[in-house]
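For reference, the structure discussed in these notes is given below.
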Amino acid sequence: MKTAHLIVSLVIAASSISLSQAGTLGIAAGSYDFDGSHSAADFRLEYEADSNIWLDNLKPWAAVQATTDGTIWLGGGLLYDWQFTETWHLKPSLGAGYYSRGSSDLDLGHPLEFRSQLEIAKDINDQQSLGLAVSHLSNADLGNENPGVEILSVYWHYKF
């Protein structure tokens with residue numbers, strides 16, 4: 001059932017992305033709660049718009065994240081894509097989204113969870129890059145509990 005839940009979530013997210021719009025599709029796999037005792041495999045599907053908001057390189061993003069224990073996070077926010085060399089990018093991002101714990105023993109305490117992330121990525125060619133990201137989910141003390149969780153992810157990005 002967990003695997004089916006994960007697959008359905010990723011298919012819904014993928015079908016909602018319009019590939020006719022310029023942007024970047026990101027696919028990631030990683031370790032949910034990599035520094036704790038509730039670890040699970042983490043999978044992500046993300047879209048980064050190619051349009052700037054307010055500042056150059058400040059872009060909107062949307063994502064679905066699912067784990068092998070049924071945890072789901074669906075949200076979006078803003079990221080800053082700083083290309084500090086010809087082929088390297090540093091991409092800090094912030095966002096908010098809906099969280100469902102699934103069958104995980106780790107309860108993050110609220111259905112609204114904020115995600116902060118720092119990714120470093122290297123361009124492979126004009127359309128593809130690989131990245132490594134560390135992210136944190138937290139409810140910012142909206143709930144009675146706020147344990148937070150850290151996720152380590154490896155990304156593949158495709159610019160279309």
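A note on labels: chains of the structure tokens are A, B, ... as shown, every chain counts residues from 1, and ligands are counted from 1 in their shown order.
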Under the rule of at most 7 Å, produce a per-residue listing of stretch 64-128 of chain A near stretch 40-45 of chain A: chain, number, name, the closest pair of atoms, and the distance in Å, as a tab-separated table, using only C-alpha atoms.
```
residue	atom	partner	partner_atom	distance
A:Val64	CA	A:Leu45	CA	5.5
A:Gln65	CA	A:Arg44	CA	4.4
A:Ala66	CA	A:Phe43	CA	5.4
A:Thr67	CA	A:Asp42	CA	4.4
A:Thr68	CA	A:Ala41	CA	5.5
A:Asp69	CA	A:Ala40	CA	6.4
```
Original post:
If we count only C-alpha atoms, what is near A:Glu113 at a cut-off of 12 Å, once residues fewer than 6 positions away on the same chain are taken out, given as a VMD selection string?
Top reply: chain A and resid 72 to 77 94 to 101 107 136 to 143 145 to 149
Contacts of stretch 28-103 of chain A with stretch 116-121 of chain A up to 6 Å, shortest pair per row, only C-alpha atoms, as CSV:
```
residue,atom,partner,partner_atom,distance
A:Trp88,CA,A:Ala121,CA,5.8
A:His89,CA,A:Ala121,CA,5.1
A:Leu90,CA,A:Ile120,CA,4.6
A:Lys91,CA,A:Glu119,CA,5.0
A:Pro92,CA,A:Leu118,CA,4.4
A:Ser93,CA,A:Gln117,CA,5.2
A:Leu94,CA,A:Ser116,CA,4.6
```
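Non-sequential neighbours of A:Asn57 (distance at most 10 Å, separation of 4 or more positions within a chain, only C-alpha atoms) are Asp50, Ser51, Asn52, Ile53, Leu79, Tyr80, Asp81, Trp82, Gln83 and Lys91 of chain A.
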**OP:** For A:Asp126, work out the shell of residues within 12 Å, counting only C-alpha atoms and skipping chain neighbours fewer than 5 positions away, then give it as a PyMOL selection string.
**Re:** chain A and resi 24+86-87+157-160
Output file for the selection above: N, CA and C atoms, as a short mmCIF file (atom, residue, chain, number, x, y, z; two decimals), in the first residue's frame:
```
data_model
loop_
_atom_site.label_atom_id
_atom_site.label_comp_id
_atom_site.auth_asym_id
_atom_site.auth_seq_id
_atom_site.Cartn_x
_atom_site.Cartn_y
_atom_site.Cartn_z
N THR A 24 12.46 24.01 -15.15
CA THR A 24 13.34 22.89 -14.84
C THR A 24 12.57 21.85 -14.04
N GLU A 86 30.93 29.08 -13.84
CA GLU A 86 30.28 28.77 -15.12
C GLU A 86 29.38 27.54 -15.03
N THR A 87 29.72 26.57 -14.17
CA THR A 87 28.94 25.33 -14.12
C THR A 87 28.37 24.98 -12.74
N HIS A 157 18.39 17.41 -12.48
CA HIS A 157 17.55 18.46 -13.04
C HIS A 157 17.62 18.42 -14.55
N TYR A 158 16.46 18.63 -15.18
CA TYR A 158 16.38 18.71 -16.64
C TYR A 158 15.68 20.01 -17.02
N LYS A 159 16.39 20.87 -17.73
CA LYS A 159 15.84 22.15 -18.18
C LYS A 159 15.21 21.97 -19.55
N PHE A 160 13.95 22.35 -19.68
CA PHE A 160 13.26 22.22 -20.97
C PHE A 160 12.81 23.56 -21.48
#
```
Subject >> Point-to-point distance from atom CA of A:Leu130 to atom CA of A:Ser39, Å rounded to tenths >> reply: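 Going from atom CA of A:Leu130 over to atom CA of A:Ser39 covers 23.3 Å.
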Original post:
Please, which residues of stretch 11-158 of chain A, numbered as in this document, come out strand (DSSP E or B) from DSSP, as a PyMOL selection string?
Top reply: chain A and resi 23-32+40-49+53+55+58-67+72-80+82-83+88-100+112-123+128-138+149-158
